[in-house]
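Reading through the structure tokens given below for one structure.
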Amino acid sequence: MRVSIILFSLVYFVYCQTAPDLPKLPPAFLVNIEANLMEHNKTYNLREFYNTQTGYARYEINTAESFTYIIVDLNKKQQFTIVDELTCTRENIPDTTLTNARSVTDIMLFGEKFNETYLGSDFEVRGVPCDSWISHISFNQTSTTLSNGTIIPSSFHNLTLQYFFTVESWGFRAVNVTRKPVRAVLRGTRTQQGTGAVSVFYHNYEFVNFVPKAPLQSVFQLPPVCVNYPQQIISILKTKSGGGLVAGMFFLGLFIGAGLCGLSIWVYCRRRQQIRDKFNRSESLASRGSTQE
């Protein structure tokens, strides 16, 4: 009995000392996402750009029918949905749950609200050794309306979310990168309150080419279809290149203005000289006529 207690205590001590914390996403990154929704037999290919330091995000959804992307202004709590650069719809940022998550940010930020359990480092995803954590999530969701008009009734969710990150010893070409999200697996049920109807969820999110670097600010600029001309000019002037353009135009205007001013002065002086010469010639002719008389 004493030996069993000692062994149990040893295992518990080793586990508690070695279990790492769930890695946090960097404040800025870009990533490709393959979202496989098993219950719908569908795959969505997404690309996410995120920069919490500037307060912007961008989600690209590529399909055979159209190219749709969403630019999110986290500061103003608004998002713009652009389809084929032809239409632009502005709306408030909708509430996100795991069942309508569209990005690694949605998944990770939502999962951080719940305690996770470390499962170990004996996992392999796409040939890469990974650490894994799992969260058991239960919550009630009030009735809500999605941006596409779909009404989701009040329901109770009972889910598990498993995360996979590369082990700390796994290397990348960029020397400052040590951990990357590789996969997230969501399983569970949603029970509608009132009817008791049960929906089963099984989502598999593959995170590919995760780059922990701030995207170019130009990817967050709204296209012309979303803004009027004065707003476009203001938006351009706020950028670094726009500031350089303003400075260049200022000095160009100053140079042109100085040139025109100098030319005006020369034309004025030339004109005055011509008038003076004409007057002198007239005076000379008048004097000569008086002498001859």
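In the structure tokens, each chain is lettered A, B, ... as it comes, each chain's residues begin at 1, and ligands are numbered from 1 in order of appearance.
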
Fewer than 3 positions away in the same chain doesn't count, so skip those; otherwise give me all residues within 7 Å of A:Cys226, counting only C-alpha atoms, as a PDB file with C-alpha atoms, in the first residue's frame.
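Saved to around04.pdb:
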```
ATOM      1  CA  CYS A  88     -19.806  45.608 -49.718  1.00  0.00           C
ATOM      2  CA  LEU A 222     -11.182  48.861 -47.533  1.00  0.00           C
ATOM      3  CA  PRO A 223     -11.711  48.625 -51.319  1.00  0.00           C
TER       4      PRO A 223
END
```

Set the distance at 12 Å and use only C-alpha atoms: which residues neighbour A:Leu159 once local chain neighbours fewer than 4 positions away are removed? I'd like the list as an mmCIF file with C-alpha atoms, in the first residue's frame.
```
data_model
loop_
_atom_site.group_PDB
_atom_site.id
_atom_site.type_symbol
_atom_site.label_atom_id
_atom_site.label_comp_id
_atom_site.auth_asym_id
_atom_site.auth_seq_id
_atom_site.Cartn_x
_atom_site.Cartn_y
_atom_site.Cartn_z
ATOM 1 C CA THR A 97 -19.428 30.631 -30.483
ATOM 2 C CA LEU A 98 -17.491 27.510 -31.336
ATOM 3 C CA THR A 99 -20.241 26.277 -33.620
ATOM 4 C CA GLY A 111 -11.449 28.106 -25.610
ATOM 5 C CA PHE A 114 -12.462 27.188 -20.008
ATOM 6 C CA ILE A 134 -8.422 19.269 -24.277
ATOM 7 C CA SER A 135 -11.214 21.453 -22.887
ATOM 8 C CA HIS A 136 -14.647 20.223 -21.829
ATOM 9 C CA ILE A 137 -17.126 22.993 -22.529
ATOM 10 C CA SER A 138 -20.760 23.320 -21.475
ATOM 11 C CA PHE A 139 -22.812 26.500 -21.832
ATOM 12 C CA ASN A 140 -26.246 27.873 -22.667
ATOM 13 C CA VAL A 185 -10.810 19.264 -33.186
ATOM 14 C CA LEU A 186 -14.302 20.142 -31.982
ATOM 15 C CA ARG A 187 -16.818 17.466 -31.014
ATOM 16 C CA GLY A 188 -20.110 17.705 -29.181
ATOM 17 C CA THR A 189 -23.822 18.302 -29.250
ATOM 18 C CA ARG A 190 -26.261 21.193 -29.217
ATOM 19 C CA THR A 191 -29.699 20.605 -27.690
ATOM 20 C CA SER A 199 -27.427 18.489 -33.352
ATOM 21 C CA VAL A 200 -24.075 16.704 -33.459
ATOM 22 C CA PHE A 201 -20.881 18.648 -34.197
ATOM 23 C CA TYR A 202 -17.586 17.328 -35.479
ATOM 24 C CA HIS A 203 -15.245 20.013 -36.841
#
```

Looking only at helix (DSSP H, G or I) from DSSP on the backbone, list the matching residues of stretch 5-140 of chain A as a PyMOL selection string.
chain A and resi 5-18+38-40+98-100+104-111

Preceding selection exported with N, CA and C atoms as a tab-separated table (two decimals), in the first residue's frame:
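What landed in again-v4.tsv:
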```tsv
chain	number	residue	atom	x	y	z
A	5	ILE	N	1.19	4.24	-2.90
A	5	ILE	CA	1.03	5.67	-2.61
A	5	ILE	C	2.25	6.45	-3.08
A	6	ILE	N	3.43	5.86	-2.87
A	6	ILE	CA	4.67	6.53	-3.28
A	6	ILE	C	4.71	6.66	-4.80
A	7	LEU	N	4.36	5.56	-5.51
A	7	LEU	CA	4.37	5.60	-6.97
A	7	LEU	C	3.36	6.61	-7.51
A	8	PHE	N	2.17	6.62	-6.92
A	8	PHE	CA	1.13	7.57	-7.34
A	8	PHE	C	1.59	9.01	-7.11
A	9	SER	N	2.20	9.24	-5.96
A	9	SER	CA	2.68	10.59	-5.64
A	9	SER	C	3.78	11.01	-6.59
A	10	LEU	N	4.64	10.04	-6.97
A	10	LEU	CA	5.73	10.35	-7.88
A	10	LEU	C	5.21	10.71	-9.27
A	11	VAL	N	4.26	9.90	-9.76
A	11	VAL	CA	3.66	10.18	-11.07
A	11	VAL	C	2.95	11.52	-11.06
A	12	TYR	N	2.20	11.79	-10.00
A	12	TYR	CA	1.47	13.05	-9.89
A	12	TYR	C	2.44	14.23	-9.86
A	13	PHE	N	3.54	14.06	-9.12
A	13	PHE	CA	4.53	15.14	-9.00
A	13	PHE	C	5.17	15.41	-10.35
A	14	VAL	N	5.56	14.33	-11.06
A	14	VAL	CA	6.21	14.49	-12.36
A	14	VAL	C	5.26	15.13	-13.36
A	15	TYR	N	3.99	14.68	-13.37
A	15	TYR	CA	3.00	15.21	-14.31
A	15	TYR	C	2.75	16.69	-14.06
A	16	CYS	N	2.58	17.05	-12.82
A	16	CYS	CA	2.28	18.45	-12.49
A	16	CYS	C	3.46	19.36	-12.79
A	17	GLN	N	4.68	18.82	-12.67
A	17	GLN	CA	5.85	19.64	-12.89
A	17	GLN	C	6.16	19.80	-14.38
A	18	THR	N	5.77	18.80	-15.21
A	18	THR	CA	6.16	18.83	-16.60
A	18	THR	C	5.05	19.26	-17.54
A	38	MET	N	-17.66	17.91	-40.55
A	38	MET	CA	-18.04	16.54	-40.86
A	38	MET	C	-19.55	16.35	-40.95
A	39	GLU	N	-20.29	17.03	-40.05
A	39	GLU	CA	-21.74	16.83	-40.04
A	39	GLU	C	-22.42	17.42	-41.27
A	40	HIS	N	-21.71	18.32	-41.97
A	40	HIS	CA	-22.27	18.91	-43.19
A	40	HIS	C	-21.61	18.37	-44.46
A	98	LEU	N	-18.29	28.51	-30.64
A	98	LEU	CA	-17.49	27.51	-31.34
A	98	LEU	C	-18.20	26.94	-32.55
A	99	THR	N	-19.51	26.90	-32.52
A	99	THR	CA	-20.24	26.28	-33.62
A	99	THR	C	-20.33	27.17	-34.86
A	100	ASN	N	-20.01	28.46	-34.74
A	100	ASN	CA	-19.95	29.31	-35.92
A	100	ASN	C	-18.60	30.01	-36.00
A	104	VAL	N	-8.88	30.78	-36.40
A	104	VAL	CA	-8.13	30.29	-35.25
A	104	VAL	C	-8.30	31.22	-34.07
A	105	THR	N	-8.50	32.51	-34.33
A	105	THR	CA	-8.71	33.47	-33.25
A	105	THR	C	-10.01	33.18	-32.51
A	106	ASP	N	-11.08	32.95	-33.26
A	106	ASP	CA	-12.37	32.63	-32.64
A	106	ASP	C	-12.24	31.39	-31.75
A	107	ILE	N	-11.58	30.37	-32.28
A	107	ILE	CA	-11.48	29.10	-31.56
A	107	ILE	C	-10.66	29.26	-30.28
A	108	MET	N	-9.49	29.88	-30.40
A	108	MET	CA	-8.59	29.97	-29.26
A	108	MET	C	-9.13	30.93	-28.20
A	109	LEU	N	-9.66	32.07	-28.61
A	109	LEU	CA	-10.17	33.03	-27.62
A	109	LEU	C	-11.37	32.46	-26.89
A	110	PHE	N	-12.21	31.70	-27.61
A	110	PHE	CA	-13.35	31.11	-26.95
A	110	PHE	C	-12.89	30.00	-26.00
A	111	GLY	N	-11.92	29.20	-26.44
A	111	GLY	CA	-11.45	28.11	-25.61
A	111	GLY	C	-10.74	28.56	-24.35
```

Would you mind listing what lies within 12 Å of stretch 170-172 of chain A as a ChimeraX atom specification, with only C-alpha atoms counted and same-chain residues fewer than 3 positions away left out?
/A:121,124,127-131,165-167,175-180,209-212

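Between A:Leu119 and the residues A:Gln274, A:Ser143, A:Asn45, A:Gln162, the shortest atom-to-atom distance, using only C-alpha atoms, involves A:Gln162.
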
Atom CA of A:Arg47 to atom CA of A:Val219, straight-line distance in Å:
11.8 Å
